[in-house]
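**Q** Contents of model-v3.pdb (PDB, C-alpha atoms) are below:
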```
MODEL        1
ATOM      1  CA  MET A   1      13.499 110.864  15.538
ATOM      2  CA  ASP A   2      15.394 108.695  17.943
ATOM      3  CA  ILE A   3      18.350 109.385  20.191
ATOM      4  CA  SER A   4      20.835 108.386  17.474
ATOM      5  CA  ASP A   5      19.619 111.391  15.418
ATOM      6  CA  TRP A   6      20.551 113.686  18.278
ATOM      7  CA  PHE A   7      24.243 112.838  17.924
ATOM      8  CA  ASP A   8      24.545 112.137  14.184
ATOM      9  CA  PHE A   9      27.373 114.613  13.640
ATOM     10  CA  LYS A  10      28.519 112.818  10.455
ATOM     11  CA  GLN A  11      25.223 113.750   8.754
ATOM     12  CA  ARG A  12      25.168 117.309  10.137
ATOM     13  CA  VAL A  13      24.233 120.051   7.665
ATOM     14  CA  THR A  14      27.431 121.908   6.821
ATOM     15  CA  GLN A  15      26.343 123.981   3.835
ATOM     16  CA  ASP A  16      23.261 125.991   2.989
ATOM     17  CA  MET A  17      20.606 124.093   1.074
ATOM     18  CA  THR A  18      17.137 124.557  -0.326
ATOM     19  CA  LEU A  19      14.442 121.934   0.110
ATOM     20  CA  VAL A  20      11.306 121.956  -2.030
ATOM     21  CA  LYS A  21       7.893 120.326  -2.025
ATOM     22  CA  THR A  22       4.877 120.697  -4.281
ATOM     23  CA  VAL A  23       1.675 121.436  -2.364
ATOM     24  CA  ASP A  24      -1.602 121.979  -4.244
ATOM     25  CA  GLY A  25       0.242 122.754  -7.473
ATOM     26  CA  ARG A  26       2.627 125.316  -6.018
ATOM     27  CA  THR A  27       6.219 124.873  -5.004
ATOM     28  CA  VAL A  28       6.991 125.437  -1.336
ATOM     29  CA  THR A  29      10.642 126.100  -0.519
ATOM     30  CA  LYS A  30      12.493 126.041   2.769
ATOM     31  CA  GLN A  31      16.036 127.242   3.355
ATOM     32  CA  VAL A  32      18.323 125.315   5.681
ATOM     33  CA  LYS A  33      21.480 127.049   6.852
ATOM     34  CA  GLY A  34      24.648 125.023   7.111
ATOM     35  CA  SER A  35      26.245 126.809  10.010
ATOM     36  CA  PHE A  36      26.020 127.103  13.763
ATOM     37  CA  ASN A  37      22.562 128.391  14.722
ATOM     38  CA  TRP A  38      23.318 131.168  17.192
ATOM     39  CA  LEU A  39      19.687 131.967  17.953
ATOM     40  CA  ALA A  40      18.911 128.322  18.762
ATOM     41  CA  TRP A  41      21.989 128.296  21.012
ATOM     42  CA  ILE A  42      20.886 131.423  22.864
ATOM     43  CA  PHE A  43      17.119 130.859  23.081
ATOM     44  CA  ASN A  44      16.869 127.022  22.887
ATOM     45  CA  TRP A  45      13.250 125.863  22.788
ATOM     46  CA  ILE A  46      11.835 129.400  22.759
ATOM     47  CA  TYR A  47      13.396 130.013  19.347
ATOM     48  CA  VAL A  48      11.486 127.215  17.631
ATOM     49  CA  LEU A  49       8.215 128.528  19.048
ATOM     50  CA  ALA A  50       8.880 132.203  18.317
ATOM     51  CA  THR A  51      10.012 132.120  14.688
ATOM     52  CA  GLN A  52       8.009 131.472  11.524
ATOM     53  CA  LYS A  53      11.018 130.102   9.652
ATOM     54  CA  TYR A  54      10.866 126.740  11.419
ATOM     55  CA  LYS A  55       7.103 126.220  11.144
ATOM     56  CA  THR A  56       6.669 122.748   9.677
ATOM     57  CA  ALA A  57       4.694 119.768  10.890
ATOM     58  CA  GLY A  58       6.409 117.895  13.710
ATOM     59  CA  PHE A  59       9.428 120.144  14.166
ATOM     60  CA  VAL A  60       8.371 121.733  17.455
ATOM     61  CA  LYS A  61       8.270 118.295  19.061
ATOM     62  CA  LYS A  62      11.545 117.306  17.400
ATOM     63  CA  ALA A  63      13.281 120.428  18.742
ATOM     64  CA  ILE A  64      11.815 120.469  22.256
ATOM     65  CA  ILE A  65      12.385 116.823  23.232
ATOM     66  CA  PRO A  66      16.222 117.155  23.137
ATOM     67  CA  VAL A  67      15.977 120.305  25.280
ATOM     68  CA  VAL A  68      13.904 118.494  27.889
ATOM     69  CA  ALA A  69      16.398 115.612  27.881
ATOM     70  CA  LEU A  70      19.240 118.117  28.209
ATOM     71  CA  TYR A  71      17.559 119.820  31.192
ATOM     72  CA  VAL A  72      16.983 116.485  32.925
ATOM     73  CA  ALA A  73      20.588 115.391  32.269
ATOM     74  CA  ASP A  74      21.862 118.763  33.492
ATOM     75  CA  LEU A  75      19.847 118.419  36.696
ATOM     76  CA  LEU A  76      21.318 114.957  37.304
ATOM     77  CA  VAL A  77      24.851 116.202  36.613
ATOM     78  CA  VAL A  78      24.391 119.089  39.072
ATOM     79  CA  ILE A  79      23.044 116.747  41.761
ATOM     80  CA  ILE A  80      25.783 114.141  41.261
ATOM     81  CA  LEU A  81      28.829 116.219  40.294
ATOM     82  CA  GLY A  82      28.054 119.744  41.494
ATOM     83  CA  ASN A  83      27.328 123.169  40.086
ATOM     84  CA  THR A  84      30.640 123.759  38.299
ATOM     85  CA  VAL A  85      30.457 120.555  36.257
ATOM     86  CA  GLY A  86      26.740 121.198  35.738
ATOM     87  CA  PHE A  87      27.498 124.633  34.304
ATOM     88  CA  ILE A  88      30.091 123.173  31.921
ATOM     89  CA  PHE A  89      27.621 120.457  30.906
ATOM     90  CA  ASN A  90      24.961 123.101  30.272
ATOM     91  CA  VAL A  91      27.265 125.168  28.037
ATOM     92  CA  VAL A  92      28.355 122.085  26.070
ATOM     93  CA  GLY A  93      24.720 121.024  25.727
ATOM     94  CA  SER A  94      23.735 124.429  24.374
ATOM     95  CA  ILE A  95      26.561 124.279  21.836
ATOM     96  CA  TRP A  96      25.364 120.813  20.782
ATOM     97  CA  TYR A  97      21.830 122.184  20.340
ATOM     98  CA  GLY A  98      23.068 125.069  18.177
ATOM     99  CA  LEU A  99      25.160 122.707  16.056
ATOM    100  CA  MET A 100      22.398 120.173  15.429
ATOM    101  CA  PHE A 101      19.320 122.424  15.221
ATOM    102  CA  ASP A 102      19.326 122.966  11.456
ATOM    103  CA  THR A 103      20.164 119.310  10.821
ATOM    104  CA  TRP A 104      17.072 118.299  12.785
ATOM    105  CA  PHE A 105      15.080 120.839  10.757
ATOM    106  CA  LYS A 106      16.343 119.356   7.472
ATOM    107  CA  ASN A 107      15.537 115.833   8.647
ATOM    108  CA  GLN A 108      12.003 116.881   9.594
ATOM    109  CA  LEU A 109      11.492 118.547   6.216
ATOM    110  CA  ILE A 110      12.578 115.352   4.467
ATOM    111  CA  ALA A 111      10.191 113.365   6.678
ATOM    112  CA  ASN A 112       7.441 115.805   5.609
ATOM    113  CA  GLY A 113       8.056 115.076   1.914
ATOM    114  CA  TYR A 114      10.548 117.762   0.935
ATOM    115  CA  HIS A 115      13.595 116.974  -1.169
ATOM    116  CA  VAL A 116      16.863 118.785  -1.730
ATOM    117  CA  ALA A 117      16.532 121.107  -4.717
ATOM    118  CA  HIS A 118      19.083 121.276  -7.474
ATOM    119  CA  SER A 119      20.635 124.730  -7.835
ATOM    120  CA  ALA A 120      18.574 125.596 -10.971
ATOM    121  CA  GLN A 121      15.349 124.497  -9.277
ATOM    122  CA  ALA A 122      16.202 126.487  -6.156
ATOM    123  CA  ASN A 123      16.798 129.649  -8.194
ATOM    124  CA  GLU A 124      13.428 129.296  -9.971
ATOM    125  CA  SER A 125      11.536 128.768  -6.719
ATOM    126  CA  GLY A 126      12.310 132.191  -5.360
ATOM    127  CA  GLN A 127      12.050 132.947  -1.682
ATOM    128  CA  GLN A 128      11.064 130.741   1.195
ATOM    129  CA  ASN A 129       7.396 129.958   1.668
ATOM    130  CA  VAL A 130       5.570 128.905   4.812
ATOM    131  CA  GLU A 131       3.466 125.716   4.741
TER     132      GLU A 131
ENDMDL
END
```
Can the structure in the file be given as structure tokens, please?

**A**
Amino acid sequence: MDISDWFDFKQRVTQDMTLVKTVDGRTVTKQVKGSFNWLAWIFNWIYVLATQKYKTAGFVKKAIIPVVALYVADLLVVIILGNTVGFIFNVVGSIWYGLMFDTWFKNQLIANGYHVAHSAQANESGQQNVE
């Protein structure tokens, strides 16, 4: 993931989708929601560590690096422009994180070998499995 992925709003997930991968002869499915992720907005980096839903190789790093960058940028904004602008920047940054969180998750799943399931394949797969 590079910085351009952080702001790729044109490729943002906007509808729910199922991604599948075959591991050791069984089908592993992951659900990606196509809406604002309220829990990621509220809890930021803690959410990715605390939930089982987002356990996939490489996603913790992919989700924490933007938060660290956001904290550093917020600190610089507070130092340069003051607390009020820093607060506004922090709120906007949290909204950005909630908007992009599931898109980053989908991109990491694709990087891990998953592919978007067709609706018939998604219905056969059943519920979400953990890798």

**Q** Expand the PyMOL selection byres ((chain A and resi 55-71) around 8) into the individual residues it matches in the shown file, reporting them as an MDAnalysis selection string.

**A** chainID A and resid 1 6 44:45 48:49 51:54 72:75 90 93 97 101 104:105 108:109 112 130:131

**Q** Might I get the box with edges along x, y and z of the file that holds all atoms of region 72-89 of chain A listed there, padded by 6 Å on every side, given as centre and edge lengths in Å to one decimal, as AutoDock Vina command-line options?

**A**
```
--center_x 23.8 --center_y 119.4 --center_z 36.3 --size_x 25.7 --size_y 22.5 --size_z 22.9
```

**Q** Contacts of Lys106 (chain A) at 12 Å or less, counting all atoms listed in the file, minus same-chain residues fewer than 2 places along, as a VMD selection string?

**A** chain A and resid 5 11 to 20 29 to 34 54 56 58 to 59 62 to 63 100 to 104 108 to 116

**Q** Take the residues from that selection and write them out as a CSV table (one decimal), in the coordinates of the input, keeping C-alpha atoms.

**A**
```csv
chain,number,residue,atom,x,y,z
A,5,ASP,CA,19.6,111.4,15.4
A,11,GLN,CA,25.2,113.8,8.8
A,12,ARG,CA,25.2,117.3,10.1
A,13,VAL,CA,24.2,120.1,7.7
A,14,THR,CA,27.4,121.9,6.8
A,15,GLN,CA,26.3,124.0,3.8
A,16,ASP,CA,23.3,126.0,3.0
A,17,MET,CA,20.6,124.1,1.1
A,18,THR,CA,17.1,124.6,-0.3
A,19,LEU,CA,14.4,121.9,0.1
A,20,VAL,CA,11.3,122.0,-2.0
A,29,THR,CA,10.6,126.1,-0.5
A,30,LYS,CA,12.5,126.0,2.8
A,31,GLN,CA,16.0,127.2,3.4
A,32,VAL,CA,18.3,125.3,5.7
A,33,LYS,CA,21.5,127.0,6.9
A,34,GLY,CA,24.6,125.0,7.1
A,54,TYR,CA,10.9,126.7,11.4
A,56,THR,CA,6.7,122.7,9.7
A,58,GLY,CA,6.4,117.9,13.7
A,59,PHE,CA,9.4,120.1,14.2
A,62,LYS,CA,11.5,117.3,17.4
A,63,ALA,CA,13.3,120.4,18.7
A,100,MET,CA,22.4,120.2,15.4
A,101,PHE,CA,19.3,122.4,15.2
A,102,ASP,CA,19.3,123.0,11.5
A,103,THR,CA,20.2,119.3,10.8
A,104,TRP,CA,17.1,118.3,12.8
A,108,GLN,CA,12.0,116.9,9.6
A,109,LEU,CA,11.5,118.5,6.2
A,110,ILE,CA,12.6,115.4,4.5
A,111,ALA,CA,10.2,113.4,6.7
A,112,ASN,CA,7.4,115.8,5.6
A,113,GLY,CA,8.1,115.1,1.9
A,114,TYR,CA,10.5,117.8,0.9
A,115,HIS,CA,13.6,117.0,-1.2
A,116,VAL,CA,16.9,118.8,-1.7
```

**Q** Just how far from CA of Ile88 (chain A) is CA of Ile42 (chain A), in Å to one decimal?

**A**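 So the two atoms, CA of Ile42 (chain A) and CA of Ile88 (chain A), lie 15.3 Å apart.
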
**Q** So what do you get for CA of Asp8 (chain A) versus CA of Trp38 (chain A), distance-wise?

**A**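 Straight-line distance from CA of Asp8 (chain A) to CA of Trp38 (chain A) works out to 19.3 Å.
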
**Q** Using CA of Ala40 (chain A) and CA of Ile80 (chain A) as the two end points, give the distance in Å to one decimal.

**A**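 A separation of 27.5 Å between them.
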
**Q** When distances are computed from only C-alpha atoms, which of A:Asn107, A:Trp41, A:Lys10, A:His118 shows the smallest separation from Val92 (chain A)?

**A**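 Among the listed residues, the smallest separation from Val92 (chain A) belongs to A:Trp41.
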
**Q** With all atoms listed in the file as the basis for distance, which of A:Leu39, A:Gly82, A:Ala117, A:Leu76 is at the shortest distance from Ser94 (chain A)?

**A** A:Leu39
